[in-house]
Amino acid sequence: MSKLPPQVTPRLLANPNAVGTYNICLKLEKDLQDKIDAGHDVGRSMIYCRILGYLILHAPSDEASSTVRKEIASCNEESDRLLLVGEMYFNHFIQAFRSNKGRIPTPSNHPSRPSFDTLADMIKDLLEEAPQNHSGAKANALVRDKFRCPISGIVDETSLLKNRELRQKVEREKLRIGSTQCAHIISESINSNILPGSDKEEYAATVWTVLDRFGYRGLSDELNGPRIHRLDNVITMESYVHKYFDNLSLWLTATDEVNQYILEASDPILLSNLPQRVTFTTDKENLPVPNPTFLALHASCAKVGHLSGAAEYIDKVFRDMEEIRVLSADGASADVLEHALLYASSRPILV
């Protein structure tokens with residue numbers, strides 16, 4: 001968790017509204033710190049406060065930043081109201097990207113697929129015009145990404161073992177091989193297997209409402225049902241990269257070059273052996289590269305989650321969920337239970 005910077009970014013300094021609402025967050029942060037210093041337990045309040053501040057600084061769009069500032073201003077500097085807004089973004093923005101990864105990743109190709117002499121034959125076999133599920137999205141992403149993780153360069157081992165031409169390329173260019181998985185930028189579980197009237201339906205509706213207020217209108221329709229598997233919402237990723245992308249420890253920040261991104265991380269050690277910049281390419285118009293809007297949402301969520309301490313807190317709760325078998329009678333596990341119930345409502349129902 002990082003303390004809020006003493007002032008807004010240079011880009012926002014000339015905006016009186018941004019400066020004013022950010023100062024409200026700074027005051028709330030100081031008040032909370034005073035309580036902590038006096039020995040009071042403020043729970044997750046500091047996280048909620050810093051989520052608001054960092055959203056002003058790192059919102060995915062100008063409209064999103066403006067929305068957050070309006071909500072902060074509407075609270076009239078009342079701490080309880082401000083913290084409720086921060087809690088809402090914790091539950092329905094940070095967690096929507098961080099904790100919805102409910103599917104256990106599977107290898108990148110089904111072992112029963114036949115072997116091929118050429119890449120062209122394998123591509124014809126794999127491609128689906130409109131993927132209806134995770135496996136279809138995975139196959140299309142492999143084709144577009146040339147059977148490798150576009151971030152680490154790792155070649156998919158399952159594809160290599162089934163294709164003579166790909167094997168020869170790996171041997172000739174001395175490429176690295178490994179396991180790859182299909183990573184969804186916006187989680188597939190948000191729109192998957194939602195039962196009418198369920199907690200998950202209410203949770204998903206709130207997530208889409210937040211994104212709608214951020215200016216991403218119609219996104220829920222664009223990604224509704226099987227459309228969550230559209231090719232520009234998925235990337236072939238090496239297992240290591242996928243893990244940290246999903247838990248918001250790795251993200252891609254756009255540069256001025258089209259489809260080029262700077263790879264950033266919550267800890268520089270995670271970037272070891274990875275490139276500083278990543279450029280997504282495609283050979284076919286019908287195989288679009290990852291969507292810049294989706295990547296911007298993920299990057300914003302990752303930055304805010306990391307800097308505010310929200311992502312670290314969620315990681316801790318997940319570890320506790322795995323370790324705690326019986327909830328404490330004294331209520332010490334109540335925080336874990338609360339988070340577990342919210343997490344359960346956001347997970348897909350696997351069939």
# chains A, B, ... in the order shown; residues from 1 in each chain; ligands from 1
$ residues_around --residues "Phe93 of chain A" --least-positions-apart "5" --cutoff "12 Å" --atoms "only C-alpha atoms" --output "PyMOL selection string"
chain A and resi 48+51-52+55+59-60+64+85-88+98-100+186-187+190+203-214+297-302+304-305+310-311+346
$ closest_residue --among "A:Ser249, A:Gln181, A:Asn163, A:Ser152" --to "Ser135 of chain A" --atoms "only C-alpha atoms"
A:Gln181
$ atom_distance --atom1 "atom CA of Gly153 of chain A" --atom2 "atom CA of Ala265 of chain A"
17.8 Å
$ select_by_dssp --residues "segment 119-276 of chain A" --states "strand (DSSP E or B)" --output "ChimeraX atom specification"
/A:148,155-156,163,177-178,180-184,234-238,250-254,260-265
$ select_by_dssp --residues "segment 136-242 of chain A" --states "helix (DSSP H, G or I)" --output "MDAnalysis selection string"
chainID A and resid 136:144 157:161 164:173 199:213 219:222 225:229 231:233 239:242
$ atom_distance --atom1 "atom CA of Phe90 of chain A" --atom2 "atom CA of Ile47 of chain A"
8.3 Å
$ closest_residue --among "A:Ser220, A:Ser79, A:Ser239, A:Thr67" --to "Asp156 of chain A" --atoms "only C-alpha atoms"
A:Ser239
$ atom_distance --atom1 "atom CA of Arg176 of chain A" --atom2 "atom CA of Val155 of chain A"
6.2 Å
$ residues_around --residues "Lys169 of chain A" --least-positions-apart "6" --cutoff "12 Å" --atoms "only C-alpha atoms" --output "MDAnalysis selection string"
chainID A and resid 118:119 146:147 155 160 163 175:177
$ write_last_selection --atoms "N, CA and C atoms" --output "PDB file, in the first residue's frame"
ATOM      1  N   THR A 118       2.140 -28.859 -41.480  1.00  0.00           N
ATOM      2  CA  THR A 118       2.326 -27.427 -41.694  1.00  0.00           C
ATOM      3  C   THR A 118       1.466 -26.608 -40.745  1.00  0.00           C
ATOM      4  N   LEU A 119       1.887 -25.366 -40.532  1.00  0.00           N
ATOM      5  CA  LEU A 119       1.113 -24.451 -39.705  1.00  0.00           C
ATOM      6  C   LEU A 119      -0.226 -24.125 -40.353  1.00  0.00           C
ATOM      7  N   LYS A 146       0.413 -16.659 -33.196  1.00  0.00           N
ATOM      8  CA  LYS A 146       1.453 -17.493 -33.811  1.00  0.00           C
ATOM      9  C   LYS A 146       1.978 -18.555 -32.842  1.00  0.00           C
ATOM     10  N   PHE A 147       1.052 -19.099 -32.060  1.00  0.00           N
ATOM     11  CA  PHE A 147       1.330 -20.226 -31.172  1.00  0.00           C
ATOM     12  C   PHE A 147       2.390 -19.903 -30.118  1.00  0.00           C
ATOM     13  N   VAL A 155       6.911 -20.397 -26.839  1.00  0.00           N
ATOM     14  CA  VAL A 155       6.118 -21.119 -27.831  1.00  0.00           C
ATOM     15  C   VAL A 155       5.312 -22.207 -27.130  1.00  0.00           C
ATOM     16  N   LEU A 160       3.584 -27.237 -30.560  1.00  0.00           N
ATOM     17  CA  LEU A 160       4.866 -27.643 -31.141  1.00  0.00           C
ATOM     18  C   LEU A 160       4.935 -29.154 -31.333  1.00  0.00           C
ATOM     19  N   ASN A 163       3.082 -30.223 -34.525  1.00  0.00           N
ATOM     20  CA  ASN A 163       3.297 -29.565 -35.813  1.00  0.00           C
ATOM     21  C   ASN A 163       4.769 -29.575 -36.197  1.00  0.00           C
ATOM     22  N   LEU A 175      14.105 -21.049 -30.090  1.00  0.00           N
ATOM     23  CA  LEU A 175      13.061 -20.423 -29.287  1.00  0.00           C
ATOM     24  C   LEU A 175      12.786 -21.249 -28.037  1.00  0.00           C
ATOM     25  N   ARG A 176      12.276 -20.587 -27.011  1.00  0.00           N
ATOM     26  CA  ARG A 176      11.917 -21.284 -25.772  1.00  0.00           C
ATOM     27  C   ARG A 176      10.498 -21.835 -25.880  1.00  0.00           C
ATOM     28  N   ILE A 177      10.261 -22.963 -25.242  1.00  0.00           N
ATOM     29  CA  ILE A 177       8.928 -23.562 -25.259  1.00  0.00           C
ATOM     30  C   ILE A 177       8.409 -23.700 -23.831  1.00  0.00           C
TER      31      ILE A 177
END
$ closest_residue --among "A:Asn15, A:Thr279, A:Gln33, A:Gln260" --to "Lys3 of chain A" --atoms "only C-alpha atoms"
A:Gln33
